[in-house]
Amino acid sequence: MAEKTYLQAISDSLRLEMRRDQRVFVLGEDVGVYGGAFKVTQGFQEEFGASRVLDMPLSETAIVAGATGAALMGMRPVAEMQFADFVSCAWDQLVTVAAKQHYRAGTPIPIVLRLPSGGGFSGGPFHSQNPESSFAHIPGLKVVCPATPEDAKGLLATAVEDPNPVLFFEHKHLYRRIRGEVPDERYTTPFGKARTHRPGEDVTVITWGAMVYVADDAAAKLAEEDVSVEVLDLRTLIPWDRDAVLESVARCSKVLVLHEDTKTGGFGGEIAATIAEEAFEQLDAPVRRLAAPDSPVPFAPSLEKAFIPQVDDVAAALRELAAY
Amino acid sequence: MSTGTEVEVVMPQMGVSVSEGTVTRWLKQAGDAISRDEPLLEISTDKVDTEVPSPGEGVVAEIRVQEGETVEVGTVLALIRPAGGEAAPSEPTPAPAGEQELVDEPQAAAQPEAEPIAEPPAQPASSASEPEVAEPEVAEPVVAGAPVEAPAGEGNGRTFVSPVVARIAAQHGVDPGGIPGTGQGGRVTKKDILAFIESGAASAPTAPAFSSPLARGVLSSKSHPNDIQLTTVYNTVILLHRGGLRMYLCCLKPQN
């Protein structure tokens, strides 16, 4: 065990996968000589050579298409999108080809797309999005959103092993801000198993990614007001842990679904609807959603702060639910 | 620009590079009544052929550009005069829709306040306009109200029983109406009913005191899963369907 940043944990995991399995290689913009825009693959070319750490042209379409083709030929590519936002350039290769290949032809596509996502650093509308729900909607894709260094390492290993295309959303704001104990050895963390970040019994917050920490800070505030808040970290959206959500709802009976993505069409709607369908008789208050407003992510720090749910926003929503 | 009593219909700019347009057909003639946004004429430009909706409501007072004529963007094509003639106090400026978009609460859209705002152009100014102005303000407190209101018309939280409280009440044969509530508006929360049961204040289900029609109805429906039972207790109605898997809550006037 050693204390690692979220970014170091991702880098370590990727390195271990490449050492373990010759089929694993990385490709992306500036991942080789430069070591990646966020330095996740720093030193990789030295260790694994340029043929396993490929600098690609400025074309997400080529990156995802290349990865898909390599996967068809038996490789296990891990492609980096410099920013998650740019995966939209590769929509057709990902959604039309990779996601449907197994259904159409029975051939697995074991690719991982690493997607640096999320805001909080004035990156503006092209470098701050959380597009997870767009891909959660596509049958054939898996969607992973780790919140802790330990999960980032274990979930990335699981993603590399998975025979399907996996979208691995790494929250940029967590890269160097979040540290935690991470086992040195290789391990896998299963998809579809939520993690109780903070146990509680009055209100439950269901969230993922960077919002786990916002929820936790809000829960600490509510604890001072004698309200016990549970924070459930979904870890993966496809598949997502319905059992854990419904169990938490049955205990707390009041639910806040929180995400950094915009509200309309966000994955929180799916969770809220499932709770309404399957746990109606467990509810002691309406299911509440808290998310970013339906707008592009603003540049200005003051506006971005108003856009991304903050600790006080979450605390206010929790207070309302507790008082209901 | 409007004179205050009339609205000018101008040749719209259909694209950044488009400087002129041709009137191809008038859909209304001078003297015809027209409502706002109703198609008034058809135009043809380099970029697109389209209908032009009326920017105001009333009567087509004047048509200035005839069919087949080509004019520059911004040229006045027609005038719309409010019905009844003169002096409408406010200009029915073509709505920049922004105001509507800012309204976030779904409740706000349902408020009647939209009506008075739209009315002035159609009505001559009169003393009657004063009470109308007051109306939207009446609606505001409703919009500003707590987002999680009990559905009861009287706004008394005690009349709303949440699904989980209803289920616990049914399981324990407890009447929620007799439990002190600490929730919003005195609503009985899950914690309240659990504490009530825990305290032993709820009598054993076999005791004669157990006469709640709610409890009887629930128990009998559970023993006959395919029955549909309708029972009332105080002013809450619970409709149980197929063994209580689905519950619908609504409110009636007190029965006893």
# chains A, B, ... in the order shown; residues from 1 in each chain; ligands from 1
>>> interface_residues(of="chain A", to="chain B", cutoff="9 Å", atoms="only C-alpha atoms", output="list in words")
Asp202, Ala250, Ser253, Phe280, Glu281, Gln282, Leu283, Asp284, Ala285, Pro286, Glu320, Leu321, Ala322, Ala323 and Tyr324 of chain A
>>> select_by_dssp(residues="stretch 74-247 of chain A", states="strand (DSSP E)", output="ChimeraX atom specification")
/A:76-80,112-117,142-144,166-171,179-182,195-198,203-207,229-233,236-238
>>> residues_around(residues="A:Met81", least_positions_apart="2", cutoff="7 Å", atoms="only C-alpha atoms", output="list of chain:residue names")
A:Gly28, A:Ala79, A:Phe83, A:Ala84, A:Phe86, A:Val87, A:Leu113, A:Arg114, A:Leu115
>>> write_last_selection(atoms="N, CA and C atoms", output="mmCIF file, in the first residue's frame")
data_model
loop_
_atom_site.group_PDB
_atom_site.id
_atom_site.type_symbol
_atom_site.label_atom_id
_atom_site.label_comp_id
_atom_site.auth_asym_id
_atom_site.auth_seq_id
_atom_site.Cartn_x
_atom_site.Cartn_y
_atom_site.Cartn_z
ATOM 1 N N GLY A 28 -2.944 7.535 -28.893
ATOM 2 C CA GLY A 28 -3.649 8.791 -28.657
ATOM 3 C C GLY A 28 -2.790 9.961 -29.080
ATOM 4 N N ALA A 79 -7.080 3.556 -25.724
ATOM 5 C CA ALA A 79 -6.949 4.817 -26.455
ATOM 6 C C ALA A 79 -7.223 5.982 -25.533
ATOM 7 N N PHE A 83 -9.209 15.045 -24.368
ATOM 8 C CA PHE A 83 -10.300 15.477 -23.497
ATOM 9 C C PHE A 83 -11.528 14.663 -23.877
ATOM 10 N N ALA A 84 -12.312 14.297 -22.890
ATOM 11 C CA ALA A 84 -13.499 13.485 -23.148
ATOM 12 C C ALA A 84 -14.400 14.143 -24.194
ATOM 13 N N PHE A 86 -13.819 15.456 -26.893
ATOM 14 C CA PHE A 86 -13.511 15.218 -28.310
ATOM 15 C C PHE A 86 -13.915 13.832 -28.781
ATOM 16 N N VAL A 87 -14.397 13.006 -27.885
ATOM 17 C CA VAL A 87 -14.849 11.677 -28.305
ATOM 18 C C VAL A 87 -16.027 11.806 -29.265
ATOM 19 N N LEU A 113 -11.462 3.315 -23.860
ATOM 20 C CA LEU A 113 -11.218 4.726 -24.168
ATOM 21 C C LEU A 113 -11.042 5.460 -22.853
ATOM 22 N N ARG A 114 -9.892 6.043 -22.661
ATOM 23 C CA ARG A 114 -9.679 6.871 -21.464
ATOM 24 C C ARG A 114 -10.139 8.290 -21.784
ATOM 25 N N LEU A 115 -11.026 8.810 -20.952
ATOM 26 C CA LEU A 115 -11.693 10.071 -21.263
ATOM 27 C C LEU A 115 -11.537 11.067 -20.115
#
>>> closest_residue(among="A:Gln101, A:Ser134, A:Asn164, A:Gln45", to="A:Ser88", atoms="only C-alpha atoms")
A:Ser134
